[in-house]
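Novice: File work-v5.cif below, mmCIF, C-alpha atoms and all ligand atoms:
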data_upload
#
loop_
_atom_site.label_atom_id
_atom_site.label_comp_id
_atom_site.auth_asym_id
_atom_site.auth_seq_id
_atom_site.Cartn_x
_atom_site.Cartn_y
_atom_site.Cartn_z
CA MET A 310 79.63 79.77 81.20
CA VAL A 311 82.27 82.43 81.23
CA SER A 312 83.12 83.56 84.71
CA LYS A 313 83.21 87.28 85.27
CA TYR A 314 86.12 86.68 87.57
CA LYS A 315 88.94 85.99 85.20
CA VAL A 316 92.26 85.09 86.74
CA GLN A 317 94.87 86.49 84.45
CA SER A 318 98.02 84.50 84.10
CA SER A 319 100.83 86.24 85.84
CA ASN A 320 103.72 87.56 83.82
CA ILE A 321 105.93 88.32 86.78
CA TYR A 322 107.52 84.85 86.75
CA ILE A 323 110.21 83.46 84.51
CA GLU A 324 108.33 81.04 82.31
CA LYS A 325 107.60 77.63 83.87
CA THR A 326 109.30 78.55 87.15
CA ASP A 327 108.34 80.02 90.51
CA VAL A 328 111.14 82.55 90.15
CA PRO A 329 109.90 86.10 89.59
CA LYS A 330 111.78 88.00 86.89
CA ASN A 331 114.28 90.06 88.82
CA LYS A 332 116.84 92.81 88.53
CA LEU A 333 119.73 90.45 89.30
CA ASN A 334 118.71 87.99 86.58
CA ILE A 335 118.62 85.14 89.07
CA VAL A 336 116.98 82.02 87.65
CA ASP A 337 117.62 79.58 90.47
CA SER A 338 114.66 79.07 92.80
CA LEU A 339 116.73 78.31 95.90
CA GLN A 340 118.94 81.31 95.29
CA ILE A 341 116.07 83.76 94.88
CA HIS A 342 114.30 82.45 97.96
CA GLU A 343 117.47 82.68 100.00
CA LEU A 344 117.96 86.26 98.87
CA GLU A 345 114.34 87.17 99.66
CA LYS A 346 114.91 85.73 103.12
CA GLU A 347 118.01 87.88 103.64
CA LEU A 348 116.23 91.01 102.40
CA LEU A 349 113.35 90.36 104.77
CA THR A 350 115.71 89.88 107.72
CA GLU A 351 117.41 93.18 106.86
CA ALA A 352 114.00 94.85 106.57
CA TYR A 353 113.04 93.68 110.06
CA GLU A 354 116.21 95.35 111.38
CA ILE A 355 115.65 98.57 109.42
CA PHE A 356 111.99 98.99 110.33
CA TYR A 357 112.67 97.99 113.93
CA ASP A 358 115.27 100.79 114.13
CA GLU A 359 112.97 103.32 112.48
CA LEU A 360 109.96 102.58 114.64
CA ASN A 361 109.10 105.48 116.95
CA GLU A 362 106.18 107.25 118.62
CA ASN A 363 105.34 109.09 115.38
CA THR A 364 105.20 106.02 113.16
CA ILE A 365 101.86 105.87 111.38
CA PHE A 366 100.71 102.47 110.15
CA ASP A 367 98.93 103.82 107.11
CA GLU A 368 98.78 102.66 103.52
CA THR A 369 101.93 104.57 102.62
CA TYR A 370 103.82 102.80 105.39
CA PHE A 371 102.45 99.42 104.31
CA LYS A 372 103.46 99.95 100.67
CA GLU A 373 106.84 101.28 101.72
CA LEU A 374 107.50 98.07 103.65
CA HIS A 375 107.08 96.12 100.43
CA ARG A 376 108.94 98.63 98.26
CA ARG A 377 111.95 99.12 100.48
CA THR A 378 112.27 95.43 101.35
CA PHE A 379 112.29 94.16 97.79
CA GLU A 380 113.13 97.03 95.44
CA ALA A 381 116.68 95.73 94.94
CA LEU A 382 115.10 92.68 93.31
CA TYR A 383 111.74 93.53 91.80
CA ASP A 384 110.32 96.36 89.66
CA TRP A 385 106.90 95.79 91.21
CA ALA A 386 108.10 96.23 94.78
CA GLY A 387 105.59 98.49 96.53
CA VAL A 388 103.24 98.41 93.55
CA TYR A 389 99.67 97.12 93.83
CA ARG A 390 98.60 94.48 91.34
CA ASP A 391 96.07 95.23 88.62
CA TYR A 392 94.97 91.75 87.62
CA ASN A 393 92.83 89.14 89.38
CA MET A 394 94.49 86.51 91.54
CA ALA A 395 93.48 83.30 93.25
CA LYS A 396 95.15 80.64 95.36
CA GLY A 397 93.48 77.25 95.62
CA GLU A 398 89.77 77.95 95.86
CA SER A 399 90.29 81.45 97.20
CA ARG A 400 89.78 84.45 95.00
CA PHE A 401 91.36 87.59 96.30
CA CYS A 402 89.98 91.10 95.77
CA GLN A 403 89.50 91.76 92.06
CA GLY A 404 92.43 93.58 90.51
CA LEU A 405 90.19 96.44 89.49
CA TYR A 406 89.19 97.12 93.11
CA VAL A 407 92.49 96.66 94.93
CA LYS A 408 93.17 100.39 95.24
CA SER A 409 89.71 101.36 96.46
CA SER A 410 89.40 98.39 98.83
CA SER A 411 92.80 99.14 100.29
CA LYS A 412 91.80 102.75 100.83
CA LYS A 413 88.71 101.58 102.73
CA ILE A 414 90.68 99.23 104.98
CA PHE A 415 93.25 101.88 105.85
CA GLU A 416 90.55 104.49 106.47
CA GLU A 417 88.99 102.11 108.96
CA LEU A 418 92.39 101.54 110.54
CA GLU A 419 92.94 105.30 110.77
CA LYS A 420 89.68 105.64 112.73
CA GLU A 421 91.21 103.24 115.27
CA ASN A 422 94.40 105.30 115.44
CA TYR A 423 96.21 102.53 113.54
CA LEU A 424 95.94 100.26 116.61
CA LYS A 425 98.51 102.39 118.41
CA ASP A 426 96.66 102.38 121.74
CA TYR A 427 96.76 98.74 122.79
CA GLU A 428 99.70 98.73 125.16
CA ASN A 429 97.43 99.00 128.18
CA LYS A 430 94.40 97.15 126.85
CA SER A 431 93.79 93.45 127.02
CA LYS A 432 95.72 91.10 124.81
CA GLU A 433 92.42 89.54 123.75
CA GLU A 434 91.10 92.85 122.41
CA PHE A 435 94.35 93.50 120.59
CA ALA A 436 94.41 90.02 119.03
CA LYS A 437 90.85 90.48 117.80
CA LYS A 438 91.71 93.75 116.07
CA LEU A 439 94.96 92.46 114.62
CA ALA A 440 93.18 89.39 113.25
CA TYR A 441 90.39 91.45 111.74
CA TYR A 442 92.77 93.72 109.83
CA LYS A 443 95.13 90.91 108.95
CA CYS A 444 92.22 89.03 107.40
CA GLU A 445 91.11 92.11 105.49
CA ILE A 446 94.61 92.49 104.03
CA ASN A 447 94.80 88.75 103.33
CA ALA A 448 91.63 89.01 101.29
CA LEU A 449 92.95 92.10 99.53
CA HIS A 450 96.25 90.36 98.65
CA PRO A 451 97.39 93.61 97.07
CA PHE A 452 100.85 92.75 95.76
CA TYR A 453 101.86 90.38 93.00
CA GLU A 454 103.95 88.34 95.44
CA LEU A 455 105.31 88.44 98.99
CA ASN A 456 101.97 89.42 100.51
CA GLY A 457 102.23 86.98 103.40
CA ARG A 458 105.64 88.16 104.48
CA ILE A 459 104.96 91.89 104.20
CA THR A 460 101.58 91.59 105.92
CA ARG A 461 103.24 89.76 108.82
CA LEU A 462 105.99 92.41 108.93
CA PHE A 463 103.34 95.14 109.06
CA PHE A 464 101.48 93.58 112.01
CA ASP A 465 104.74 92.67 113.73
CA MET A 466 105.63 96.38 113.73
CA ILE A 467 102.22 97.22 115.21
CA ALA A 468 102.72 94.51 117.85
CA LEU A 469 106.16 95.90 118.67
CA PHE A 470 104.79 99.43 118.91
CA ASN A 471 102.39 98.22 121.60
CA GLY A 472 105.09 96.56 123.67
CA TYR A 473 104.78 93.03 122.32
CA LYS A 474 107.33 90.85 120.57
CA TYR A 475 106.91 89.86 116.93
CA ILE A 476 103.87 87.63 116.56
CA ASP A 477 104.93 83.99 116.89
CA TYR A 478 103.24 81.91 114.21
CA SER A 479 105.20 78.78 115.07
CA THR A 480 102.38 77.67 117.40
CA VAL A 481 100.56 76.38 114.27
CA THR A 482 101.49 74.23 111.30
CA PRO A 483 101.68 75.83 107.84
CA LYS A 484 98.42 74.05 106.99
CA GLU A 485 96.62 75.45 110.02
CA TYR A 486 97.86 78.91 109.08
CA ILE A 487 96.66 78.60 105.48
CA ASP A 488 93.31 77.20 106.68
CA ALA A 489 92.90 80.32 108.82
CA ALA A 490 93.75 82.47 105.77
CA ILE A 491 91.18 80.54 103.73
CA GLU A 492 88.53 81.31 106.36
CA CYS A 493 89.49 84.98 106.05
CA VAL A 494 89.33 85.13 102.29
CA GLN A 495 86.43 82.80 101.56
CA PHE A 496 84.22 83.35 104.60
CA ALA A 497 85.31 86.73 105.99
CA ASP A 498 85.79 84.89 109.26
CA SER A 499 88.78 85.92 111.36
CA ASP A 500 88.16 83.67 114.40
CA SER A 501 90.89 81.13 113.63
CA MET A 502 93.37 83.88 112.81
CA GLU A 503 92.45 85.51 116.10
CA THR A 504 93.28 82.33 118.02
CA ILE A 505 96.59 82.02 116.19
CA ILE A 506 97.51 85.64 116.93
CA LEU A 507 96.39 85.42 120.55
CA ASN A 508 98.64 82.40 121.07
CA GLY A 509 101.49 84.15 119.28
CA LEU A 510 101.33 87.48 121.11
CA LYS A 511 103.89 87.73 123.90
CA LYS A 512 105.20 90.66 125.89
N1 LIG B 601 94.29 78.96 99.52
C1 LIG B 601 94.44 80.15 100.09
N2 LIG B 601 93.37 80.88 100.45
C2 LIG B 601 93.50 82.08 101.01
N3 LIG B 601 94.66 82.66 101.27
C3 LIG B 601 95.77 81.99 100.95
C4 LIG B 601 95.74 80.71 100.34
N4 LIG B 601 97.02 80.30 100.14
C5 LIG B 601 97.80 81.28 100.61
N5 LIG B 601 97.06 82.30 101.10
C6 LIG B 601 97.53 83.57 101.67
O1 LIG B 601 98.44 84.13 100.78
C7 LIG B 601 99.69 84.35 101.44
C8 LIG B 601 100.83 84.05 100.48
O2 LIG B 601 100.84 85.05 99.48
P1 LIG B 601 102.16 85.42 98.72
O3 LIG B 601 101.89 86.66 97.94
O4 LIG B 601 102.71 84.24 98.00
O5 LIG B 601 103.13 85.82 99.94
P2 LIG B 601 104.41 85.08 100.50
O6 LIG B 601 105.22 84.67 99.29
O7 LIG B 601 105.07 86.11 101.35
O8 LIG B 601 103.96 83.90 101.28
C9 LIG B 601 99.66 83.43 102.65
O9 LIG B 601 100.42 83.95 103.71
C10 LIG B 601 98.21 83.40 103.00
O10 LIG B 601 97.87 84.51 103.79
MG MG B 602 104.68 83.66 97.64
#
Since I need it in another form, could you write the structure as structure tokens?
Specialist:
Amino acid sequence: MVSKYKVQSSNIYIEKTDVPKNKLNIVDSLQIHELEKELLTEAYEIFYDELNENTIFDETYFKELHRRTFEALYDWAGVYRDYNMAKGESRFCQGLYVKSSSKKIFEELEKENYLKDYENKSKEEFAKKLAYYKCEINALHPFYELNGRITRLFFDMIALFNGYKYIDYSTVTPKEYIDAAIECVQFADSDSMETIILNGLKK
């Protein structure tokens, strides 16, 4: 039987490698990952400096995080994907619906004032909200690559805005983190992510 959900093979990578085609023509996996790491560190500094009372955590901001962090390397920085993607057994939002699903998530977030009012509420309430939206964006998986890092950057900025430090994910192993992401994507269940975030939220 032909599945309606067809995962298109990605053409963003240099053939038979995990290195995305890039503006600097880097072909070495270690080198590209090192550079991505440096760009992300710089991005944390830039967006930390830019954060202020008027910052709005909307879709434009989210896409700008991706674009401005990685545009020196990738043509698709800040661009939503248009084909279907899966990891392991998890199928992310269909390519065709990424734009409309994203719009829905950010409209919901707007109704909650982009989670800008949690400084004086309980950490538990904040963790629940953060986990819910983080899971929604995990399931959306809107970019071709670097979704995990940009999604964490996004919620780290929201945490910072509310007087917390960056969310500490080192309380769990990579496997525990991925298992929580799997629960998000496959079962729309954000409980494990909530526990991870609650443990990682510190003032
Ligand atoms: N099997 C899976 N099921 C659901 N989500 C997954 C799975 N594997 C990875 N993920 C999610 O995808 C993210 C990785 O996506 P990717 O675009 O490669 O970003 P990055 O390169 O920044 O890690 C992880 O952080 C996790 O949220
Ligand atoms: Mg990746």
Novice: Measuring atom to atom with all atoms listed in the file, identify which of A:Val316, A:Ile459, A:Leu405, A:Leu449 is nearest to Tyr353 of chain A.
Specialist: A:Ile459
Novice: Please report the interatomic distance between atom CA of Ala386 of chain A and atom CA of Ala436 of chain A in Å with one decimal.
Specialist: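 Atom CA of Ala436 of chain A lies 28.5 Å from atom CA of Ala386 of chain A.
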Novice: Show me which residues sit within 9 Å of ligand MG 602 (chain B) when counting all atoms listed in the file, and put them as a PDB file with C-alpha atoms, keeping the file's coordinate frame.
Specialist:
ATOM      1  CA  ASP A 327     108.340  80.020  90.510  1.00  0.00           C
ATOM      2  CA  TYR A 453     101.860  90.380  93.000  1.00  0.00           C
ATOM      3  CA  GLU A 454     103.950  88.340  95.440  1.00  0.00           C
ATOM      4  CA  LEU A 455     105.310  88.440  98.990  1.00  0.00           C
ATOM      5  CA  ASN A 456     101.970  89.420 100.510  1.00  0.00           C
ATOM      6  CA  GLY A 457     102.230  86.980 103.400  1.00  0.00           C
ATOM      7  CA  ARG A 458     105.640  88.160 104.480  1.00  0.00           C
TER       8      ARG A 458
END
Novice: When distances are computed from only C-alpha atoms and all ligand atoms, which of A:His342, A:Lys474, A:Lys512, A:Lys430 shows the smallest separation from ligand LIG 601 (chain B)?
Specialist: A:His342
Novice: Once you count only C-alpha atoms and all ligand atoms, what closest atom pair and distance in Å to one decimal does each residue of chain A within 8 Å of ligand LIG 601 (chain B) have, with rows by chain and rising residue number, as CSV?
Specialist:
residue,atom,partner,partner_atom,distance
A:Ala395,CA,B:LIG601,C1,7.6
A:Lys396,CA,B:LIG601,N1,4.6
A:Gly397,CA,B:LIG601,N1,4.3
A:Glu398,CA,B:LIG601,N1,5.9
A:Ser399,CA,B:LIG601,N2,4.5
A:Arg400,CA,B:LIG601,N2,7.4
A:Phe401,CA,B:LIG601,C2,7.6
A:Asn447,CA,B:LIG601,O10,5.3
A:Ala448,CA,B:LIG601,N3,7.0
A:His450,CA,B:LIG601,O3,6.8
A:Phe452,CA,B:LIG601,O3,6.6
A:Tyr453,CA,B:LIG601,O3,6.2
A:Glu454,CA,B:LIG601,O3,3.6
A:Leu455,CA,B:LIG601,O7,3.3
A:Asn456,CA,B:LIG601,O3,3.8
A:Gly457,CA,B:LIG601,O9,3.5
A:Arg458,CA,B:LIG601,O7,3.8
A:Ile459,CA,B:LIG601,O7,6.4
A:Thr460,CA,B:LIG601,O7,7.9
A:Tyr486,CA,B:LIG601,C10,7.6
A:Ile487,CA,B:LIG601,N4,5.6
A:Asp488,CA,B:LIG601,N2,7.2
A:Ala490,CA,B:LIG601,N3,4.6
A:Ile491,CA,B:LIG601,C2,3.9
A:Glu492,CA,B:LIG601,C2,7.3
A:Cys493,CA,B:LIG601,C2,7.1
A:Val494,CA,B:LIG601,C2,5.3
A:Gln495,CA,B:LIG601,C2,7.1
Novice: Which one of A:Leu374, A:Leu360, A:Leu382, A:Ile321 sits closest to Asn334 of chain A if you count all atoms listed in the file?
Specialist: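 Smallest separation from Asn334 of chain A among the options: A:Leu382.
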Novice: Calculated over all atoms listed in the file, which of the candidates A:Ile446, A:Leu510, A:Leu418, A:Ile476 has the smallest distance to Ile365 of chain A?
Specialist: A:Leu418
Novice: Choose the residue, out of A:Glu417, A:Glu434, A:Glu445, A:Glu324, that has the smallest atom-to-atom separation from Ala497 of chain A; count all atoms listed in the file.
Specialist: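 Counting all atoms listed in the file, the residue closest to Ala497 of chain A is A:Glu445.
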Novice: Closest to Asn429 of chain A among A:Gly509, A:Pro483, A:Gly472, A:Pro329, using all atoms listed in the file?
Specialist: A:Gly472
